[in-house]
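Visitor: File name start23.cif; file contents mmCIF, C-alpha atoms; full text below.
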```
data_final
#
loop_
_atom_site.label_atom_id
_atom_site.label_comp_id
_atom_site.auth_asym_id
_atom_site.auth_seq_id
_atom_site.Cartn_x
_atom_site.Cartn_y
_atom_site.Cartn_z
CA MET A 1 -24.68 20.69 -25.22
CA SER A 2 -24.00 24.12 -23.70
CA LEU A 3 -24.76 24.98 -20.07
CA PRO A 4 -25.50 28.29 -18.38
CA LYS A 5 -22.33 29.97 -17.17
CA GLY A 6 -22.89 29.40 -13.44
CA LEU A 7 -23.91 25.78 -13.92
CA ALA A 8 -21.01 25.15 -16.28
CA GLU A 9 -18.58 26.43 -13.65
CA ASP A 10 -20.04 24.16 -10.96
CA VAL A 11 -19.86 21.15 -13.25
CA SER A 12 -16.30 22.01 -14.27
CA LYS A 13 -15.16 22.26 -10.64
CA ASN A 14 -16.52 18.80 -9.89
CA LEU A 15 -14.92 17.31 -12.99
CA VAL A 16 -11.56 18.82 -12.00
CA MET A 17 -11.87 17.14 -8.59
CA VAL A 18 -12.67 13.82 -10.26
CA ALA A 19 -9.53 14.04 -12.38
CA ARG A 20 -7.42 15.13 -9.40
CA LEU A 21 -8.58 12.41 -6.99
CA ILE A 22 -9.31 9.40 -9.17
CA ASP A 23 -5.89 7.81 -8.60
CA GLU A 24 -5.23 8.67 -4.95
CA ASP A 25 -8.79 8.65 -3.59
CA PRO A 26 -11.20 6.88 -5.97
CA GLU A 27 -14.11 7.02 -3.54
CA ALA A 28 -13.91 10.80 -3.24
CA ALA A 29 -13.60 11.09 -7.02
CA TYR A 30 -16.71 8.96 -7.39
CA ALA A 31 -18.63 11.25 -5.03
CA TYR A 32 -17.69 14.32 -7.09
CA SER A 33 -18.67 12.53 -10.28
CA LYS A 34 -22.14 11.85 -8.88
CA ILE A 35 -22.57 15.57 -8.16
CA ALA A 36 -21.53 16.46 -11.70
CA LEU A 37 -23.88 13.80 -13.02
CA ARG A 38 -26.84 15.30 -11.13
CA LEU A 39 -26.01 18.73 -12.50
CA ALA A 40 -25.42 17.81 -16.16
CA SER A 41 -26.27 14.23 -17.06
CA ARG A 42 -26.71 15.14 -20.72
CA VAL A 43 -23.10 16.23 -21.16
CA ALA A 44 -20.89 13.54 -22.68
CA ALA A 45 -17.79 14.59 -20.72
CA VAL A 46 -19.73 14.23 -17.47
CA ARG A 47 -20.95 10.74 -18.40
CA GLU A 48 -17.41 9.72 -19.35
CA ALA A 49 -15.94 11.08 -16.11
CA ALA A 50 -18.65 9.30 -14.12
CA GLY A 51 -17.80 6.11 -15.98
CA PHE A 52 -14.10 6.31 -15.13
CA ALA A 53 -14.86 7.12 -11.49
CA ALA A 54 -17.15 4.09 -11.24
CA TYR A 55 -14.54 1.97 -13.05
CA ALA A 56 -11.85 3.04 -10.54
CA ASN A 57 -14.14 1.81 -7.75
CA GLN A 58 -14.78 -1.51 -9.54
CA LYS A 59 -18.43 -0.62 -10.13
CA TYR A 60 -18.24 -2.18 -13.56
CA SER A 61 -21.93 -2.33 -14.39
CA GLU A 62 -22.40 1.35 -13.61
CA ALA A 63 -19.20 2.26 -15.45
CA LEU A 64 -20.29 0.35 -18.55
CA ALA A 65 -23.65 2.14 -18.58
CA GLU A 66 -21.96 5.55 -18.37
CA PHE A 67 -19.44 4.70 -21.10
CA ARG A 68 -22.21 3.51 -23.39
CA ALA A 69 -24.13 6.73 -22.79
CA ALA A 70 -21.03 8.84 -23.54
CA ARG A 71 -20.39 6.86 -26.72
CA ARG A 72 -23.97 7.37 -27.91
CA MET A 73 -23.60 11.11 -27.38
CA THR A 74 -20.28 11.46 -29.19
CA GLY A 75 -20.20 8.54 -31.62
CA SER A 76 -16.54 8.02 -30.65
CA VAL A 77 -14.95 4.58 -30.31
CA ASP A 78 -12.25 5.75 -27.88
CA LEU A 79 -13.99 4.09 -24.92
CA TRP A 80 -14.25 0.71 -26.63
CA PRO A 81 -11.28 -0.93 -24.81
CA VAL A 82 -12.39 0.17 -21.34
CA MET A 83 -15.94 -0.94 -22.11
CA ALA A 84 -14.54 -4.37 -23.00
CA ASP A 85 -12.59 -4.41 -19.74
CA CYS A 86 -15.82 -3.69 -17.86
CA GLU A 87 -17.19 -6.86 -19.44
CA ARG A 88 -14.23 -8.70 -17.96
CA GLY A 89 -14.93 -7.14 -14.59
CA LEU A 90 -18.50 -8.40 -14.81
CA GLY A 91 -17.22 -11.93 -15.38
CA ARG A 92 -17.90 -11.98 -19.12
CA PRO A 93 -14.48 -12.49 -20.77
CA GLU A 94 -16.13 -14.03 -23.83
CA LYS A 95 -17.95 -10.75 -24.45
CA ALA A 96 -14.65 -8.86 -24.09
CA LEU A 97 -13.05 -11.11 -26.73
CA GLU A 98 -16.01 -10.56 -29.00
CA MET A 99 -15.50 -6.82 -28.70
CA ALA A 100 -11.78 -7.27 -29.39
CA GLY A 101 -12.67 -8.69 -32.79
CA ALA A 102 -15.26 -6.06 -33.67
CA ALA A 103 -14.90 -3.51 -36.45
CA GLU A 104 -14.66 -0.67 -33.91
CA VAL A 105 -11.12 -1.78 -33.02
CA HIS A 106 -9.85 -0.81 -36.47
CA LYS A 107 -11.06 2.75 -35.85
CA LEU A 108 -8.94 3.10 -32.71
CA ASP A 109 -5.64 4.93 -32.72
CA LYS A 110 -2.43 3.03 -31.93
CA ALA A 111 -2.76 3.56 -28.16
CA GLY A 112 -6.34 2.32 -28.25
CA GLN A 113 -5.40 -0.78 -30.26
CA VAL A 114 -2.64 -1.65 -27.78
CA GLU A 115 -5.11 -1.17 -24.92
CA MET A 116 -7.55 -3.47 -26.67
CA ARG A 117 -4.81 -6.08 -27.05
CA LEU A 118 -4.12 -5.88 -23.31
CA VAL A 119 -7.80 -6.37 -22.53
CA ALA A 120 -8.05 -9.33 -24.90
CA ALA A 121 -4.99 -10.96 -23.33
CA GLY A 122 -6.53 -10.43 -19.91
CA ALA A 123 -9.73 -12.08 -21.09
CA ARG A 124 -7.73 -15.09 -22.34
CA ARG A 125 -6.13 -15.40 -18.91
CA ASP A 126 -9.55 -15.15 -17.27
CA MET A 127 -10.43 -18.24 -19.29
CA ASP A 128 -7.18 -20.02 -18.31
CA GLN A 129 -5.86 -19.76 -21.86
CA LEU A 130 -2.32 -18.72 -20.98
CA ASP A 131 -0.69 -19.67 -24.26
CA ALA A 132 -3.35 -17.76 -26.16
CA ALA A 133 -2.79 -14.74 -23.91
CA ILE A 134 0.93 -14.81 -24.67
CA VAL A 135 0.29 -15.01 -28.42
CA THR A 136 -2.23 -12.15 -28.19
CA LEU A 137 0.42 -9.87 -26.70
CA GLN A 138 3.05 -10.72 -29.32
CA SER A 139 2.88 -7.78 -31.69
CA PRO A 140 5.03 -5.22 -33.52
CA GLU A 141 4.43 -2.83 -30.60
CA LEU A 142 5.91 -5.38 -28.18
CA ALA A 143 8.94 -6.05 -30.38
CA SER A 144 9.64 -2.37 -31.05
CA ASN A 145 12.65 -0.78 -29.34
CA THR A 146 10.92 2.60 -29.39
CA VAL A 147 9.44 3.54 -26.03
CA GLN A 148 5.85 4.73 -26.20
CA PRO A 149 3.37 5.57 -23.42
CA TRP A 150 2.03 2.03 -23.59
CA THR A 151 5.36 0.19 -23.86
CA ALA A 152 5.95 -0.49 -20.15
CA ARG A 153 2.45 -1.86 -19.58
CA LEU A 154 2.60 -4.05 -22.67
CA ARG A 155 5.98 -5.53 -21.71
CA TYR A 156 4.81 -6.01 -18.14
CA ALA A 157 1.67 -7.87 -19.22
CA TYR A 158 3.76 -10.09 -21.49
CA ALA A 159 6.25 -10.86 -18.70
CA ASP A 160 3.44 -11.61 -16.27
CA ALA A 161 1.78 -13.98 -18.74
CA LEU A 162 5.10 -15.77 -19.35
CA LEU A 163 5.62 -16.18 -15.61
CA ALA A 164 2.11 -17.57 -15.17
CA ALA A 165 2.92 -20.10 -17.89
CA GLY A 166 6.07 -21.20 -16.04
CA ARG A 167 8.51 -19.60 -18.48
CA GLU A 168 10.54 -17.85 -15.78
CA GLY A 169 13.68 -17.13 -17.82
CA GLU A 170 11.75 -15.28 -20.52
CA ALA A 171 9.59 -13.60 -17.89
CA ARG A 172 12.63 -12.18 -16.14
CA GLU A 173 13.95 -10.83 -19.45
CA TRP A 174 10.69 -9.00 -20.17
CA PHE A 175 10.28 -7.68 -16.65
CA ALA A 176 13.75 -6.17 -17.09
CA LYS A 177 12.65 -4.60 -20.38
CA ALA A 178 9.54 -3.26 -18.69
CA VAL A 179 11.71 -1.61 -16.04
CA GLU A 180 13.81 0.05 -18.74
CA SER A 181 10.75 1.62 -20.34
CA ASP A 182 8.82 2.43 -17.14
CA LYS A 183 10.14 5.91 -16.47
CA ASP A 184 7.12 7.13 -14.52
CA GLY A 185 6.62 4.02 -12.37
CA SER A 186 3.31 3.01 -13.90
CA THR A 187 4.01 -0.66 -13.09
CA ASP A 188 5.70 -2.58 -10.28
CA ALA A 189 8.05 -4.27 -12.73
CA SER A 190 11.13 -3.43 -10.64
CA ASP A 191 9.61 -5.11 -7.58
CA ARG A 192 8.65 -8.19 -9.59
CA LEU A 193 12.15 -8.42 -11.03
CA ALA A 194 13.74 -8.08 -7.59
CA GLU A 195 11.40 -10.77 -6.27
CA MET A 196 12.50 -13.15 -9.01
CA ASP A 197 16.15 -12.40 -8.19
CA GLY A 198 15.56 -13.10 -4.51
CA VAL A 199 16.22 -9.52 -3.45
CA GLU A 200 14.37 -8.45 -0.32
CA PHE A 201 13.94 -4.77 0.43
CA VAL A 202 13.84 -3.68 4.07
CA ASP A 203 11.90 -0.57 5.00
CA ALA A 204 14.23 1.39 7.28
CA PHE A 205 11.33 3.27 8.82
CA VAL A 206 9.56 0.05 9.76
CA GLU A 207 12.84 -1.35 11.10
CA ASP A 208 13.26 1.69 13.37
CA GLU A 209 9.71 1.23 14.62
CA ASP A 210 10.44 -2.41 15.40
CA GLU A 211 13.54 -1.41 17.39
CA ASP A 212 11.50 1.14 19.34
CA ASP A 213 8.90 -1.53 20.07
CA SER A 214 11.66 -3.88 21.27
CA ASP A 215 13.02 -1.22 23.61
CA THR A 216 9.55 -0.66 24.97
CA GLU A 217 9.10 -4.39 25.56
CA ILE A 218 12.46 -4.57 27.39
CA ASP A 219 11.50 -1.62 29.58
CA ALA A 220 8.16 -3.25 30.32
CA GLU A 221 9.85 -6.52 31.26
CA THR A 222 12.27 -4.80 33.66
CA GLU A 223 9.62 -2.58 35.22
CA VAL A 224 8.93 -3.41 38.85
CA GLU A 225 5.51 -4.83 39.47
CA PRO A 226 3.32 -2.51 41.57
CA GLN A 227 2.88 -3.56 45.17
CA ASP A 228 -0.43 -4.11 46.85
CA ASP A 229 -1.80 -1.09 48.66
CA VAL A 230 -1.18 -1.04 52.41
CA SER A 231 -2.67 1.17 55.04
CA VAL A 232 -0.92 4.29 56.26
CA VAL A 233 -0.70 2.77 59.73
CA ASP A 234 1.09 -0.33 58.42
CA GLU A 235 3.55 1.82 56.48
CA LEU A 236 4.40 3.84 59.57
CA ASP A 237 4.85 0.71 61.69
CA ASP A 238 7.17 -0.90 59.17
CA GLU A 239 9.15 2.21 58.21
CA ASP A 240 11.96 1.70 60.75
CA GLU A 241 12.24 -1.99 59.96
CA ASP A 242 12.47 -1.24 56.20
CA ILE A 243 15.28 1.26 56.79
CA GLU A 244 17.25 -1.32 58.78
CA ASP A 245 16.75 -3.94 56.06
CA GLU A 246 17.92 -1.49 53.40
CA ASP A 247 21.03 -0.66 55.42
CA ASP A 248 21.84 -4.34 55.92
CA ASP A 249 21.37 -4.93 52.20
CA GLU A 250 23.79 -2.10 51.42
CA VAL A 251 26.40 -3.61 53.76
CA GLU A 252 26.05 -7.07 52.26
CA ALA A 253 26.16 -5.80 48.70
CA ALA A 254 29.25 -3.73 49.38
CA ALA A 255 30.98 -6.61 51.13
CA GLU A 256 30.22 -9.05 48.32
CA THR A 257 31.74 -6.79 45.71
CA GLU A 258 35.00 -6.38 47.59
CA GLU A 259 37.61 -9.03 48.04
CA ASP A 260 39.28 -7.33 50.95
CA VAL A 261 37.61 -8.13 54.33
CA VAL A 262 38.94 -4.93 55.77
CA LYS A 263 37.04 -2.87 53.22
CA LYS A 264 33.91 -4.73 54.22
CA ASP A 265 34.34 -3.61 57.82
CA VAL A 266 34.91 -0.03 56.71
CA VAL A 267 31.65 -0.07 54.83
CA LYS A 268 29.85 -1.33 57.93
CA GLU A 269 31.37 1.41 60.01
CA ASP A 270 30.29 4.03 57.51
CA VAL A 271 26.75 2.76 57.71
CA LEU A 272 26.77 2.86 61.51
CA LEU A 273 28.09 6.40 61.48
CA LYS A 274 25.39 7.40 59.07
CA GLU A 275 22.75 5.96 61.39
CA GLU A 276 24.20 7.90 64.33
CA ASP A 277 24.18 11.12 62.33
CA ASP A 278 20.60 10.48 61.33
CA ASP A 279 19.64 9.90 65.01
CA GLN A 280 21.36 13.12 66.07
CA ASN A 281 19.61 15.04 63.32
#
```
Could the structure of this file be written out as structure tokens, please?
Guide:
Amino acid sequence: MSLPKGLAEDVSKNLVMVARLIDEDPEAAYAYSKIALRLASRVAAVREAAGFAAYANQKYSEALAEFRAARRMTGSVDLWPVMADCERGLGRPEKALEMAGAAEVHKLDKAGQVEMRLVAAGARRDMDQLDAAIVTLQSPELASNTVQPWTARLRYAYADALLAAGREGEAREWFAKAVESDKDGSTDASDRLAEMDGVEFVDAFVEDEDEDDSDTEIDAETEVEPQDDVSVVDELDDEDEDIEDEDDDEVEAAAETEEDVVKKDVVKEDVLLKEEDDDQN
């Protein structure tokens, strides 16, 4: 369906924003998709984009409705795997498995068939059928040494299923293989592998923040507690007495840090001279 030029531009701008934000800010992407949907709900690309935006926000019922609408408009089976995954999200893994065995799967390209296998394995795990999930993932694509766009995710899912089944040795092997094929960091296979090996990563930035917090706590502990307010009259009355106490404290402190008694007397004399100078001034 064609749109008037001005409307087509507005719709296109919103779809660009959906694609740009869907990974980093799914909620914003969803908002843009709703605008595009209001402008051109009869355009298949708009319905598909709205479906993916809803899917990214775990609005599975809404996503499934949009995907179905897009599929009716185009007749394409490309959305079949993600539609099945929406069924999983809605708590219907049996329906997802039914879709995995449908004739539409044979019309998918290789990437779509691998995606459908991942969804089916996930549905098996939803039903606590771990062994069946592992078998579902065992395929020529998994055994192949050729790295494809789906390779890292397939190996990761297989490793994760093995780990869930208690087969840690095999799981570690496949997490390592997932790391080898995950050039763009689409999985956290490296973190999972490090966790299995007992490696703990320390965030230097967080560590610096902790040290700063510790310094602040030390400063707070050594800070002198504020004294109660006193009247100006009381301060004036006690001023001379405070000065004498401070001078005596200085004498005692100086004497205690010196072993020579003579030096102690010298300190006292210096203090007395200072007092005389102060009186003269």
Visitor: Skipping near chain neighbours, those fewer than 4 positions away, what residues fall within 7 Å of Lys34 of chain A using all atoms listed in the file, listed as JSON, numbers by chain?
Guide: {"A": [30, 38, 50]}
Visitor: A:Cys86, A:Val199, A:Leu21, A:Ala157: which is nearest Ser61 of chain A, counting all atoms listed in the file?
Guide: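 Of A:Cys86, A:Val199, A:Leu21, A:Ala157, the one nearest Ser61 of chain A, counting all atoms listed in the file, is A:Cys86.
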Visitor: Expressed in Å to a single decimal, how great is the separation between atom CA of Pro93 of chain A and atom CA of Gly112 of chain A?
Guide: 18.5 Å
Visitor: Just how far from atom CA of Arg124 of chain A is atom CA of Ala96 of chain A, in Å to one decimal?
Guide: 9.5 Å
Visitor: Within 10 Å of (0.5, 6.6, -16.0) (coordinates as in the file), grab all the protein and nucleic acid residues, counting all atoms listed in the file, and write them out as a PDB file with C-alpha atoms, in the coordinates of the input.
Guide:
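Saved to result_26.pdb:
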```pdb
ATOM      1  CA  ASP A  23      -5.890   7.810  -8.600  1.00  0.00           C
ATOM      2  CA  PRO A 149       3.370   5.570 -23.420  1.00  0.00           C
ATOM      3  CA  TRP A 150       2.030   2.030 -23.590  1.00  0.00           C
ATOM      4  CA  ALA A 152       5.950  -0.490 -20.150  1.00  0.00           C
ATOM      5  CA  ARG A 153       2.450  -1.860 -19.580  1.00  0.00           C
ATOM      6  CA  ASP A 182       8.820   2.430 -17.140  1.00  0.00           C
ATOM      7  CA  LYS A 183      10.140   5.910 -16.470  1.00  0.00           C
ATOM      8  CA  ASP A 184       7.120   7.130 -14.520  1.00  0.00           C
ATOM      9  CA  GLY A 185       6.620   4.020 -12.370  1.00  0.00           C
ATOM     10  CA  SER A 186       3.310   3.010 -13.900  1.00  0.00           C
ATOM     11  CA  THR A 187       4.010  -0.660 -13.090  1.00  0.00           C
TER      12      THR A 187
END
```
Visitor: Out of A:Val46, A:Asp78, A:Gln113, A:Asp191, which residue has the shortest atom-to-atom distance to Ala8 of chain A when counting all atoms listed in the file?
Guide: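 Of A:Val46, A:Asp78, A:Gln113, A:Asp191, the one nearest Ala8 of chain A is A:Val46, counting all atoms listed in the file.
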Visitor: With all atoms listed in the file as the counted atoms, please give the residues lying no more than 6 Å from Asp85 of chain A, apart from itself and same-chain residues fewer than 3 positions off, as a list in words.
Guide: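 Counting all atoms listed in the file, the residues come to Val82, Arg88 and Val119 of chain A.
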Visitor: Under the rule that only C-alpha atoms are counted, which of A:Tyr158, A:His106, A:Gly198, A:Lys95 is the nearest residue to Ile134 of chain A?
Guide: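 The answer is A:Tyr158, which sits nearest to Ile134 of chain A.
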Visitor: What lies within 12 Å of Leu137 of chain A using all atoms listed in the file, ignoring chain neighbours under 5 positions off, as a list in words?
Guide: Gln113, Val114, Glu115, Met116, Arg117, Leu118, Val119, Ala120, Ala121, Gly122, Ala123, Arg124, Arg125, Leu130, Asp131, Ala132, Leu142, Ala143, Thr151, Arg153, Leu154, Arg155, Tyr156, Ala157, Tyr158, Ala159, Asp160, Ala161 and Leu162 of chain A
Visitor: Looking at all atoms listed in the file, which of A:Ala28, A:Leu193, A:Val11, A:Val77 is the one that sits closest to Ala40 of chain A?
Guide: A:Val11
Visitor: Could you check the closest approach to Ser41 of chain A for each of A:Glu66, A:Glu180, A:Glu27, A:Asp128 and tell me which residue wins, using all atoms listed in the file?
Guide: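 Ranked by minimum distance to Ser41 of chain A, first place goes to A:Glu66.
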Visitor: So what do you get for atom CA of Thr146 of chain A versus atom CA of Lys177 of chain A, distance-wise?
Guide: 11.7 Å
Visitor: Could you list as a list in words every residue that has an atom within 10 Å of (-23.5, 8.3, -25.4), using the file's coordinates and counting all atoms listed in the file?
Guide: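 Looking at atoms near the point gives Arg42, Val43, Ala44, Ala45, Arg47, Glu48, Ala65, Glu66, Phe67, Arg68, Ala69, Ala70, Arg71, Arg72, Met73, Thr74, Gly75 and Ser76 of chain A.
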Visitor: Generate a file of the selected residues that holds C-alpha atoms, formatted as a PDB file, in the coordinates of the input.
Guide:
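Just written: out-v3.pdb:
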```
ATOM      1  CA  ARG A  42     -26.710  15.140 -20.720  1.00  0.00           C
ATOM      2  CA  VAL A  43     -23.100  16.230 -21.160  1.00  0.00           C
ATOM      3  CA  ALA A  44     -20.890  13.540 -22.680  1.00  0.00           C
ATOM      4  CA  ALA A  45     -17.790  14.590 -20.720  1.00  0.00           C
ATOM      5  CA  ARG A  47     -20.950  10.740 -18.400  1.00  0.00           C
ATOM      6  CA  GLU A  48     -17.410   9.720 -19.350  1.00  0.00           C
ATOM      7  CA  ALA A  65     -23.650   2.140 -18.580  1.00  0.00           C
ATOM      8  CA  GLU A  66     -21.960   5.550 -18.370  1.00  0.00           C
ATOM      9  CA  PHE A  67     -19.440   4.700 -21.100  1.00  0.00           C
ATOM     10  CA  ARG A  68     -22.210   3.510 -23.390  1.00  0.00           C
ATOM     11  CA  ALA A  69     -24.130   6.730 -22.790  1.00  0.00           C
ATOM     12  CA  ALA A  70     -21.030   8.840 -23.540  1.00  0.00           C
ATOM     13  CA  ARG A  71     -20.390   6.860 -26.720  1.00  0.00           C
ATOM     14  CA  ARG A  72     -23.970   7.370 -27.910  1.00  0.00           C
ATOM     15  CA  MET A  73     -23.600  11.110 -27.380  1.00  0.00           C
ATOM     16  CA  THR A  74     -20.280  11.460 -29.190  1.00  0.00           C
ATOM     17  CA  GLY A  75     -20.200   8.540 -31.620  1.00  0.00           C
ATOM     18  CA  SER A  76     -16.540   8.020 -30.650  1.00  0.00           C
TER      19      SER A  76
END
```
Visitor: With a distance cut-off of 8 Å and only C-alpha atoms, select the neighbouring residues of Ser33 of chain A, excluding the residue or stretch itself and same-chain residues fewer than 5 positions from it, and output the selection as number ranges by chain.
Guide: A: 14-15, 18, 46, 49-50, 53
Visitor: In terms of the shortest atom-to-atom distance over only C-alpha atoms, which of A:Leu79, A:Ala29, A:Val16, A:Val135 is closest to Asn57 of chain A?
Guide: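 Counting only C-alpha atoms, the residue closest to Asn57 of chain A is A:Ala29.
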